[in-house]
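Reproduced below: input-v6.cif, with mmCIF, C-alpha atoms.
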```cif
data_entry
loop_
_atom_site.label_atom_id
_atom_site.label_comp_id
_atom_site.auth_asym_id
_atom_site.auth_seq_id
_atom_site.Cartn_x
_atom_site.Cartn_y
_atom_site.Cartn_z
CA MET A 1054 42.21 82.67 88.46
CA ALA A 1055 44.58 79.98 87.53
CA GLN A 1056 46.42 82.45 85.31
CA SER A 1057 47.60 84.71 88.09
CA ALA A 1058 51.02 83.92 89.49
CA GLU A 1059 49.92 83.70 93.10
CA ALA A 1060 47.01 81.44 92.32
CA LYS A 1061 49.34 79.20 90.40
CA GLU A 1062 51.69 78.98 93.31
CA GLN A 1063 48.84 78.20 95.58
CA ARG A 1064 47.54 75.52 93.36
CA GLU A 1065 48.09 72.36 95.16
CA LEU A 1066 50.05 69.51 93.72
CA SER A 1067 46.99 67.27 93.86
CA GLU A 1068 45.09 69.65 91.60
CA LEU A 1069 48.00 69.75 89.16
CA SER A 1070 48.10 65.99 89.18
CA SER A 1071 44.38 65.82 88.41
CA ALA A 1072 44.75 68.31 85.58
CA VAL A 1073 47.63 66.38 84.06
CA GLU A 1074 45.67 63.15 84.24
CA ALA A 1075 42.66 64.80 82.62
CA LEU A 1076 44.76 66.17 79.77
CA ILE A 1077 46.31 62.78 79.09
CA PHE A 1078 42.82 61.32 79.08
CA VAL A 1079 41.31 63.73 76.57
CA ALA A 1080 44.28 63.83 74.20
CA ASP A 1081 43.54 61.86 71.05
CA GLU A 1082 47.19 61.10 70.52
CA PRO A 1083 50.04 60.72 72.97
CA ILE A 1084 50.49 64.14 74.55
CA SER A 1085 54.02 65.43 75.10
CA THR A 1086 55.35 66.70 78.41
CA ARG A 1087 56.06 70.00 76.67
CA LEU A 1088 52.45 70.42 75.57
CA ILE A 1089 51.13 69.64 79.05
CA SER A 1090 53.54 72.11 80.58
CA GLU A 1091 52.44 74.81 78.11
CA VAL A 1092 48.75 74.29 78.84
CA LEU A 1093 49.19 74.17 82.62
CA GLU A 1094 51.98 76.77 82.67
CA GLU A 1095 54.32 74.67 84.70
CA GLU A 1096 57.93 73.56 84.34
CA LYS A 1097 58.50 70.50 82.19
CA GLU A 1098 60.49 68.81 84.95
CA LEU A 1099 57.58 69.16 87.36
CA ILE A 1100 55.11 67.80 84.80
CA GLU A 1101 57.43 64.89 84.08
CA SER A 1102 57.58 63.90 87.74
CA VAL A 1103 53.82 64.35 88.16
CA VAL A 1104 53.10 62.06 85.19
CA GLU A 1105 55.47 59.45 86.54
CA GLU A 1106 53.76 59.66 89.90
CA ILE A 1107 50.33 59.15 88.29
CA ALA A 1108 51.64 56.21 86.28
CA ARG A 1109 53.04 54.67 89.45
CA SER A 1110 49.75 55.12 91.30
CA TYR A 1111 47.95 53.28 88.49
CA ASP A 1112 50.39 50.40 88.83
CA GLU A 1113 50.15 50.32 92.61
CA ARG A 1114 46.42 49.92 92.74
CA ASP A 1115 46.43 47.34 89.90
CA SER A 1116 44.33 49.60 87.73
CA GLY A 1117 42.87 48.32 84.49
CA LEU A 1118 44.48 51.33 82.89
CA GLN A 1119 48.07 52.36 82.43
CA ILE A 1120 49.84 55.56 81.55
CA ARG A 1121 52.59 54.84 79.12
CA SER A 1122 55.18 56.67 77.12
CA VAL A 1123 54.77 56.22 73.40
CA ALA A 1124 55.77 58.18 70.27
CA GLY A 1125 57.20 61.03 72.31
CA GLY A 1126 54.14 61.51 74.49
CA TRP A 1127 51.97 60.10 77.24
CA GLN A 1128 49.00 57.92 76.59
CA ILE A 1129 46.32 56.38 78.72
CA ALA A 1130 45.48 52.84 77.68
CA THR A 1131 44.22 49.52 78.95
CA ARG A 1132 46.53 46.85 80.28
CA THR A 1133 47.63 44.07 77.95
CA GLU A 1134 46.36 41.30 80.25
CA LEU A 1135 42.80 42.49 79.79
CA HIS A 1136 42.66 42.26 76.03
CA GLU A 1137 40.41 39.21 75.94
CA TYR A 1138 37.66 40.90 77.93
CA ILE A 1139 37.95 44.02 75.86
CA ARG A 1140 37.79 42.09 72.59
CA LYS A 1141 34.77 40.21 73.82
CA PHE A 1142 33.07 43.50 74.56
CA LEU A 1143 34.15 45.25 71.37
CA LYS A 1144 33.52 42.08 69.36
CA THR A 1145 36.73 42.69 67.45
CA ARG A 1146 39.64 40.54 66.44
CA PRO A 1147 43.22 41.66 66.18
CA SER A 1148 43.66 43.37 62.84
CA ALA A 1149 45.63 41.61 60.16
CA LYS A 1150 49.34 41.63 60.76
CA LEU A 1151 51.96 42.66 58.28
CA SER A 1152 53.36 39.98 56.00
CA LEU A 1153 56.80 38.54 56.61
CA ALA A 1154 58.13 40.47 53.62
CA ALA A 1155 56.63 43.74 54.89
CA LEU A 1156 58.02 43.20 58.40
CA GLU A 1157 61.51 42.49 57.09
CA THR A 1158 61.40 45.53 54.85
CA LEU A 1159 60.18 47.63 57.76
CA ALA A 1160 62.98 46.32 59.97
CA VAL A 1161 65.59 47.28 57.36
CA ILE A 1162 64.05 50.74 56.97
CA ALA A 1163 63.81 51.26 60.73
CA TYR A 1164 67.47 50.45 61.32
CA LYS A 1165 69.02 51.84 58.16
CA GLN A 1166 66.98 54.98 57.64
CA PRO A 1167 67.07 56.99 55.52
CA VAL A 1168 67.45 54.14 53.07
CA THR A 1169 66.86 53.54 49.35
CA VAL A 1170 65.14 50.64 47.59
CA PRO A 1171 68.41 49.20 46.17
CA GLU A 1172 69.92 49.24 49.67
CA ILE A 1173 66.93 47.28 50.99
CA LEU A 1174 67.30 44.82 48.12
CA GLU A 1175 70.97 44.37 49.00
CA ILE A 1176 70.12 43.27 52.53
CA ARG A 1177 66.96 41.27 51.87
CA GLY A 1178 68.11 39.72 48.60
CA VAL A 1179 64.66 40.20 47.19
CA GLN A 1180 62.61 42.95 45.54
CA SER A 1181 60.60 44.86 48.11
CA ALA A 1182 58.40 47.09 45.94
CA SER A 1183 55.03 45.75 47.06
CA ALA A 1184 56.11 45.63 50.71
CA ILE A 1185 57.10 49.30 50.46
CA LYS A 1186 53.75 50.13 48.91
CA THR A 1187 51.94 48.38 51.77
CA LEU A 1188 54.04 50.19 54.37
CA LEU A 1189 53.39 53.55 52.72
CA GLU A 1190 49.68 52.85 52.61
CA LYS A 1191 49.69 51.94 56.27
CA ARG A 1192 51.69 55.13 56.87
CA LEU A 1193 54.35 53.22 58.78
CA ILE A 1194 57.03 54.70 56.54
CA VAL A 1195 57.39 58.05 54.82
CA THR A 1196 59.57 59.34 52.02
CA LYS A 1197 62.53 61.38 53.15
CA GLY A 1198 63.60 63.11 49.95
CA HIS A 1199 66.10 61.87 47.39
CA LYS A 1200 69.58 60.52 47.84
CA GLU A 1201 72.13 62.65 46.02
CA THR A 1202 73.63 59.84 43.97
CA VAL A 1203 73.13 58.60 40.43
CA GLY A 1204 69.44 58.38 39.67
CA ARG A 1205 68.55 60.30 42.85
CA PRO A 1206 66.69 57.34 44.40
CA MET A 1207 63.92 57.96 46.91
CA LEU A 1208 64.85 57.69 50.58
CA TYR A 1209 62.53 56.06 53.09
CA GLY A 1210 62.27 56.34 56.86
CA THR A 1211 59.81 55.39 59.59
CA SER A 1212 56.93 57.63 60.61
CA ARG A 1213 55.35 58.65 63.90
CA GLU A 1214 52.69 56.10 63.08
CA PHE A 1215 55.43 53.48 63.23
CA LEU A 1216 56.27 54.44 66.82
CA LEU A 1217 52.58 54.34 67.76
CA HIS A 1218 52.00 51.03 66.03
CA PHE A 1219 54.86 49.31 67.82
CA GLY A 1220 54.47 51.15 71.10
CA LEU A 1221 57.89 52.81 70.97
CA LYS A 1222 58.87 55.96 72.83
CA ASP A 1223 61.18 56.99 70.02
CA LEU A 1224 63.61 55.36 67.62
CA SER A 1225 66.24 54.92 70.32
CA ASP A 1226 63.71 52.72 72.09
CA LEU A 1227 64.40 50.06 69.46
CA PRO A 1228 66.92 47.46 70.59
CA SER A 1229 70.22 48.00 68.80
CA ILE A 1230 70.81 45.91 65.69
CA GLU A 1231 74.03 44.56 67.23
CA ASP A 1232 71.92 42.97 69.97
CA PHE A 1233 70.38 40.79 67.32
CA GLU A 1234 73.81 39.65 66.26
CA ASP A 1235 74.35 38.14 69.70
CA LEU A 1236 70.87 36.69 69.62
CA VAL A 1237 71.47 35.05 66.28
CA SER A 1238 74.76 33.43 67.18
CA MET B 1444 40.05 32.73 80.69
CA GLN B 1445 38.87 31.58 77.30
CA PRO B 1446 41.21 29.81 74.91
CA LYS B 1447 43.14 32.21 72.74
CA PRO B 1448 41.52 32.78 69.36
CA GLU B 1449 43.38 31.67 66.25
CA GLN B 1450 44.66 34.96 65.01
CA TYR B 1451 48.04 34.74 63.34
CA SER B 1452 48.64 33.94 59.75
CA PHE B 1453 52.16 32.71 60.26
CA ASP B 1454 54.51 31.72 63.00
CA PHE B 1455 58.10 32.79 63.12
CA HIS B 1456 59.18 29.76 65.02
CA LYS B 1457 57.54 27.24 62.78
CA GLU B 1458 60.15 25.16 61.06
CA THR B 1459 58.02 23.48 58.44
CA ALA B 1460 58.62 24.15 54.80
CA GLU B 1461 55.23 23.66 53.33
CA ILE B 1462 54.89 25.16 49.95
CA VAL B 1463 52.20 27.68 49.41
CA ALA B 1464 51.40 29.61 46.30
CA GLU B 1465 50.68 33.13 47.34
CA SER B 1466 49.55 35.01 44.31
CA ARG B 1467 49.27 38.38 45.98
CA ASP B 1468 52.87 38.22 47.14
CA GLU B 1469 55.27 40.64 45.56
CA LEU B 1470 57.11 37.86 43.78
CA ASN B 1471 54.08 35.80 42.94
CA VAL B 1472 55.78 33.16 44.97
CA ARG B 1473 56.15 32.27 48.54
CA LEU B 1474 57.87 29.14 49.61
CA GLY B 1475 56.21 28.30 52.85
CA GLU B 1476 57.56 30.84 55.28
CA PHE B 1477 60.35 32.13 53.10
CA ALA B 1478 60.49 35.82 52.50
CA GLY B 1479 63.29 35.55 49.94
CA PRO B 1480 66.27 33.52 48.72
CA LEU B 1481 68.39 34.37 51.76
CA ASP B 1482 65.60 33.22 54.03
CA LEU B 1483 65.35 29.92 52.15
CA LEU B 1484 69.10 29.48 52.29
CA LEU B 1485 69.19 30.05 56.03
CA TYR B 1486 66.46 27.51 56.45
CA LEU B 1487 68.34 24.89 54.43
CA ILE B 1488 71.54 25.50 56.38
CA ARG B 1489 69.67 25.08 59.64
CA GLN B 1490 67.97 21.95 58.35
CA GLU B 1491 71.40 20.49 57.67
CA GLN B 1492 72.53 21.67 61.08
CA ALA B 1493 75.50 23.09 59.26
CA ASN B 1494 77.83 25.76 60.57
CA ILE B 1495 77.08 29.01 58.82
CA PHE B 1496 80.82 29.78 58.65
CA ASP B 1497 81.49 26.46 56.95
CA ILE B 1498 78.57 25.90 54.64
CA PRO B 1499 78.59 22.52 52.83
CA ILE B 1500 78.07 24.39 49.61
CA ALA B 1501 77.56 21.40 47.27
CA LYS B 1502 74.84 19.91 49.43
CA ILE B 1503 73.10 23.19 50.11
CA THR B 1504 73.21 24.13 46.43
CA ASP B 1505 71.59 20.82 45.51
CA GLU B 1506 68.85 21.29 48.03
CA TYR B 1507 68.29 24.87 46.97
CA LEU B 1508 67.92 23.78 43.35
CA ASN B 1509 65.55 21.03 44.44
CA TYR B 1510 63.31 23.62 45.98
CA ILE B 1511 63.29 25.68 42.85
CA ARG B 1512 62.44 22.60 40.81
CA LEU B 1513 59.65 21.82 43.25
CA MET B 1514 58.30 25.31 42.87
CA LYS B 1515 58.36 24.98 39.11
CA SER B 1516 56.64 21.58 39.22
CA LEU B 1517 53.91 23.19 41.30
CA ASP B 1518 53.54 25.77 38.57
CA ILE B 1519 54.65 28.56 40.81
CA ALA B 1520 56.43 31.28 38.92
CA VAL B 1521 59.93 31.34 40.38
CA ALA B 1522 60.92 34.87 41.21
CA ALA B 1523 64.01 36.22 39.53
CA ASP B 1524 65.69 36.83 42.88
CA PHE B 1525 65.56 33.13 43.67
CA LEU B 1526 67.19 32.33 40.34
CA VAL B 1527 69.92 34.91 40.90
CA MET B 1528 70.78 33.20 44.16
CA ALA B 1529 70.82 29.80 42.44
CA ALA B 1530 73.32 31.14 39.93
CA GLN B 1531 75.49 32.55 42.71
CA LEU B 1532 75.46 29.26 44.57
CA ILE B 1533 76.51 27.35 41.48
CA GLU B 1534 79.29 29.84 40.88
CA ILE B 1535 80.59 29.47 44.44
CA LYS B 1536 80.35 25.69 44.16
CA SER B 1537 82.41 25.65 40.98
CA ARG B 1538 85.01 28.00 42.44
CA MET B 1539 85.38 25.67 45.41
CA LEU B 1540 86.09 22.79 43.06
CA LEU B 1541 88.97 24.55 41.36
CA PRO B 1542 92.34 23.36 42.59
CA ARG B 1543 94.57 25.90 44.28
CA ASP B 1544 97.08 27.62 42.14
CA PRO B 1545 100.29 25.72 42.98
CA LEU B 1546 102.36 28.75 42.00
CA ALA B 1547 100.59 31.00 44.46
CA GLU B 1548 102.59 31.88 47.49
CA ALA B 1549 101.81 29.75 50.46
CA GLU B 1550 101.34 32.66 52.82
CA GLU B 1551 98.99 34.45 50.50
CA GLU B 1552 95.61 34.36 52.06
CA ILE B 1553 93.14 32.83 49.65
CA GLU B 1554 89.71 34.20 50.26
CA ASP B 1555 87.02 31.65 50.80
CA PRO B 1556 84.56 31.92 47.88
CA ARG B 1557 81.78 31.55 50.41
CA LYS B 1558 82.81 34.58 52.43
CA GLU B 1559 80.65 37.15 50.66
CA LEU B 1560 77.60 34.93 50.93
CA VAL B 1561 78.23 34.26 54.62
CA ASP B 1562 78.51 38.00 55.28
CA ARG B 1563 75.23 38.61 53.51
CA LEU B 1564 73.52 35.81 55.40
CA LEU B 1565 74.74 37.11 58.75
CA GLU B 1566 73.61 40.63 57.91
CA TYR B 1567 70.24 39.38 56.71
CA GLU B 1568 69.77 37.24 59.78
CA LYS B 1569 70.01 40.29 62.02
CA PHE B 1570 67.20 42.01 60.18
CA LYS B 1571 65.16 38.84 60.18
CA ALA B 1572 65.50 38.82 63.96
CA ALA B 1573 64.55 42.50 64.04
CA ALA B 1574 61.46 41.70 61.97
CA GLU B 1575 60.58 39.04 64.51
CA MET B 1576 60.95 41.59 67.29
CA LEU B 1577 58.56 43.94 65.44
CA TYR B 1578 56.14 41.07 65.00
CA GLU B 1579 56.16 40.34 68.71
CA ARG B 1580 55.71 44.00 69.52
CA THR B 1581 52.62 44.07 67.27
CA THR B 1582 51.14 41.22 69.27
CA ILE B 1583 51.65 43.16 72.49
CA GLU B 1584 50.40 46.40 71.00
CA GLN B 1585 47.26 44.77 69.71
CA ALA B 1586 46.39 43.88 73.29
CA VAL B 1587 46.56 47.53 74.38
CA PHE B 1588 43.58 49.76 73.76
CA PRO B 1589 43.89 53.51 74.02
CA ARG B 1590 40.87 55.62 74.77
CA GLY B 1591 38.44 55.99 71.87
CA ARG B 1592 38.26 59.17 69.89
CA ILE B 1593 36.59 62.20 71.31
CA GLU B 1594 34.67 64.24 68.77
CA SER B 1595 36.61 67.39 68.00
CA ASP B 1596 37.54 69.53 65.02
CA ASP B 1597 41.19 68.64 65.32
CA GLY B 1598 40.42 64.97 64.92
CA ASN B 1599 38.68 65.67 61.64
CA SER B 1600 40.20 63.25 59.20
CA GLU B 1601 39.67 65.70 56.36
CA ILE B 1602 42.07 68.08 57.98
CA SER B 1603 44.66 65.58 59.08
CA ALA B 1604 44.99 63.99 55.64
CA THR B 1605 48.52 63.64 54.30
CA VAL B 1606 49.69 64.10 50.74
CA PHE B 1607 49.68 60.34 50.43
CA ASP B 1608 46.00 60.23 51.41
CA LEU B 1609 45.25 62.86 48.83
CA LEU B 1610 47.02 60.82 46.17
CA THR B 1611 45.07 57.71 47.10
CA VAL B 1612 41.80 59.60 46.91
CA PHE B 1613 42.82 61.22 43.65
CA GLU B 1614 43.59 57.82 42.18
CA LYS B 1615 40.19 56.55 43.27
CA VAL B 1616 38.46 59.54 41.73
CA LEU B 1617 40.36 59.03 38.49
CA SER B 1618 39.49 55.35 38.30
CA ARG B 1619 35.87 56.12 39.06
CA HIS B 1620 35.88 58.69 36.30
CA LYS B 1621 37.18 56.12 33.86
CA GLU B 1622 34.37 53.77 34.72
CA GLU B 1623 31.75 56.37 33.89
CA VAL B 1624 30.36 55.77 30.44
CA THR B 1625 29.05 58.92 28.87
CA MET B 1626 25.91 58.28 26.92
CA GLU B 1627 23.47 60.77 25.54
CA ILE B 1628 19.94 59.65 25.82
CA GLN B 1629 17.45 61.58 23.75
CA ARG B 1630 13.97 62.03 24.94
CA GLU B 1631 11.33 60.40 22.90
CA GLU B 1632 10.51 63.19 20.45
CA ILE B 1633 7.12 62.02 19.45
CA SER B 1634 4.56 59.85 21.16
CA LEU B 1635 2.56 57.10 19.51
CA ALA B 1636 -0.65 59.14 19.79
CA ASP B 1637 1.06 62.13 18.13
CA MET B 1638 2.34 59.94 15.35
CA ILE B 1639 -1.13 58.51 14.72
CA ARG B 1640 -2.56 62.03 14.67
CA LYS B 1641 0.11 63.09 12.21
CA LEU B 1642 -0.68 60.18 9.90
CA LYS B 1643 -4.39 60.84 10.06
CA GLU B 1644 -3.95 64.53 9.25
CA ARG B 1645 -1.81 63.71 6.27
CA LEU B 1646 -4.26 61.08 5.07
CA LYS B 1647 -7.03 63.66 5.24
CA MET B 1648 -4.91 66.10 3.23
CA ILE B 1649 -3.47 63.89 0.50
CA GLY B 1650 -5.60 60.80 0.59
CA GLU B 1651 -2.77 58.29 0.55
CA ILE B 1652 0.73 58.07 2.03
CA ASN B 1653 3.73 56.28 0.62
CA VAL B 1654 4.82 54.45 3.77
CA GLY B 1655 8.41 54.08 2.60
CA GLU B 1656 8.71 57.80 1.98
CA PHE B 1657 7.11 58.59 5.29
CA PHE B 1658 9.59 56.41 7.12
CA SER B 1659 12.55 57.98 5.34
CA GLU B 1660 11.52 61.39 6.68
CA LEU B 1661 12.23 60.22 10.18
CA ASP B 1662 15.77 60.29 11.54
CA SER B 1663 15.87 58.52 14.85
CA ARG B 1664 15.49 54.82 15.40
CA ARG B 1665 12.99 55.55 18.07
CA GLU B 1666 10.80 57.63 15.75
CA LEU B 1667 10.92 54.89 13.16
CA VAL B 1668 9.70 52.34 15.64
CA THR B 1669 6.95 54.68 16.77
CA ALA B 1670 5.94 55.33 13.17
CA PHE B 1671 5.88 51.61 12.38
CA VAL B 1672 3.67 50.89 15.36
CA ALA B 1673 1.49 53.89 14.46
CA VAL B 1674 0.94 52.52 10.96
CA LEU B 1675 -0.08 49.12 12.33
CA GLU B 1676 -2.32 50.79 14.87
CA ILE B 1677 -4.03 53.06 12.38
CA VAL B 1678 -4.78 50.12 10.11
CA ARG B 1679 -6.23 48.19 13.04
CA VAL B 1680 -8.47 50.87 14.53
CA GLU B 1681 -9.20 53.34 11.79
CA ASN B 1682 -10.83 52.84 8.47
CA VAL B 1683 -7.53 52.73 6.66
CA LEU B 1684 -5.98 50.19 4.31
CA LEU B 1685 -2.44 49.20 3.42
CA VAL B 1686 -2.17 48.82 -0.31
CA GLN B 1687 0.60 47.35 -2.37
CA ARG B 1688 -0.12 47.75 -6.06
CA LYS B 1689 2.54 45.42 -7.41
CA THR B 1690 4.90 42.85 -5.98
CA PHE B 1691 7.83 44.51 -4.18
CA GLY B 1692 6.27 47.89 -4.98
CA ASN B 1693 5.68 50.77 -2.66
CA ILE B 1694 3.21 50.32 0.13
CA PHE B 1695 0.58 52.97 0.51
CA LEU B 1696 -1.59 53.89 3.39
CA LYS B 1697 -4.98 54.65 1.96
CA GLY B 1698 -7.96 56.18 3.68
CA GLN B 1699 -11.24 54.49 2.77
CA LYS B 1700 -14.36 56.41 1.96
CA GLU B 1701 -16.66 56.34 4.91
CA GLY B 1702 -18.91 53.47 4.21
#
```

Would you mind writing the structure in this file as structure tokens?
Amino acid sequence: MAQSAEAKEQRELSELSSAVEALIFVADEPISTRLISEVLEEEKELIESVVEEIARSYDERDSGLQIRSVAGGWQIATRTELHEYIRKFLKTRPSAKLSLAALETLAVIAYKQPVTVPEILEIRGVQSASAIKTLLEKRLIVTKGHKETVGRPMLYGTSREFLLHFGLKDLSDLPSIEDFEDLVS
Amino acid sequence: MQPKPEQYSFDFHKETAEIVAESRDELNVRLGEFAGPLDLLLYLIRQEQANIFDIPIAKITDEYLNYIRLMKSLDIAVAADFLVMAAQLIEIKSRMLLPRDPLAEAEEEIEDPRKELVDRLLEYEKFKAAAEMLYERTTIEQAVFPRGRIESDDGNSEISATVFDLLTVFEKVLSRHKEEVTMEIQREEISLADMIRKLKERLKMIGEINVGEFFSELDSRRELVTAFVAVLEIVRVENVLLVQRKTFGNIFLKGQKEG
């Protein structure tokens, strides 16, 4: 039914909205606008506006849930303010955070990617081998081939996992490194 | 609302310089909150409330060296990178002490020996701030819970494994393999009862057995033990004697005539 052109036209916006919401709910990972539009056979622009409308309606009624844009897709998640209740229920504690060394290394990789180990050393002034190992294990960074210079050193860049972990839409969602310059001075 | 649980291992804004040995750290050393020599240097400059563009190099160098001495006195292995920085500081300090070349032209711009270090510090500081931003984002992200996983084939972790996962698993398998000790365990070839029967049959046939010879026929340690026990047993229960005809001579197992 839904496949036929007329039926699709007749489908009301409210039904489309429900379908979009349901898809975002069942998706294990953030679902892209493109994927939703493929499944529902609708224009991406329409899907985009429908998602935004759903997200707004969540905000307006002070829902415990939010629809947010992360790692190039849409995700349904709880609101930050509610974390204490949720933790009490799940009986969990926030997982261990990255070490200072790992965070610094990750920051250099995020802003300078693709980047080699000697280049990271140059900025941090300290060997970063174990930090890189940790980041690889946590899948926050990935190898991006070799640099075509002497020794062909390995290049590193951030992964999709990195975007998910830090709740970023995409890499451009990171504040620019020049902003930190102002902050520092 | 309940009080917030203690959850963070370090605080970016903490300005204390307590010294902690952190053996699992990449450098086998961690000076309080310092992630490296540049971090320590920035801290010392801030402690002195000095202008980063006009670092009192002699003072800062002294303090830096004091820290390294402190680390050593605490038996913390000082990472090479910290020593490299110490050497650079001393070099800059000595270059600052050199008088200007009086023959050099007045207009000629003499580069401040500190310039390279200042540039590095400024560059590093940006990334340190970026690391702080990432840290804060983690805190926020840890307060957001997405929906739990729905059972589906796509979510099967076996399918979504990356090459890196495979490597990790392969390493584990390899290390497990190494731990396996191969050992061949032979089944007990002959039971005690069998051994006793064997002895009795032979006694019946040849009247007496040279125990030493009998033992040398056996090859496994286990058989020897069984044979030894069998000899003791046969002497205890059956009408059989152990005879030694001369000192240090052969020992014979001798069946007695039924009395």

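Residues from chain A that have an atom within 7 Å of chain B, counting all atoms listed in the file, are Asp1081, Ile1129, Ala1130, Thr1131, Arg1132, Thr1133, His1136, Pro1147, Leu1153, Ala1154, Leu1156, Glu1157, Ala1160, Val1161, Ile1176, Arg1177, Gly1178, Val1179, Ser1183, His1218, Phe1219, Gly1220, Ile1230, Phe1233, Glu1234 and Val1237 of chain A.
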
Could you list, as an NGL selection string, every residue matched by the PyMOL selection byres ((chain A and resi 1172) around 12) in this structure?
:A and (1158 or 1161-1162 or 1164-1171 or 1173-1181 or 1200 or 1206-1209)

What is the distance between CA of Val1686 in chain B and CA of Lys1641 in chain B, in Å to one decimal?
19.1 Å

Please tell me which residues are no farther than 9 Å from (53.9, 58.3, 61.3) in the file, counting only C-alpha atoms, and write them as a list in words.
Arg1192, Leu1193, Ile1194, Val1195, Thr1211, Ser1212, Arg1213, Glu1214, Phe1215, Leu1216, Leu1217 and His1218 of chain A

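Interatomic distance, CA of Met1638 in chain B against CA of Gln1687 in chain B: 21.8 Å.
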
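Going from CA of Leu1541 in chain B to CA of Asp1555 in chain B covers 12.0 Å.
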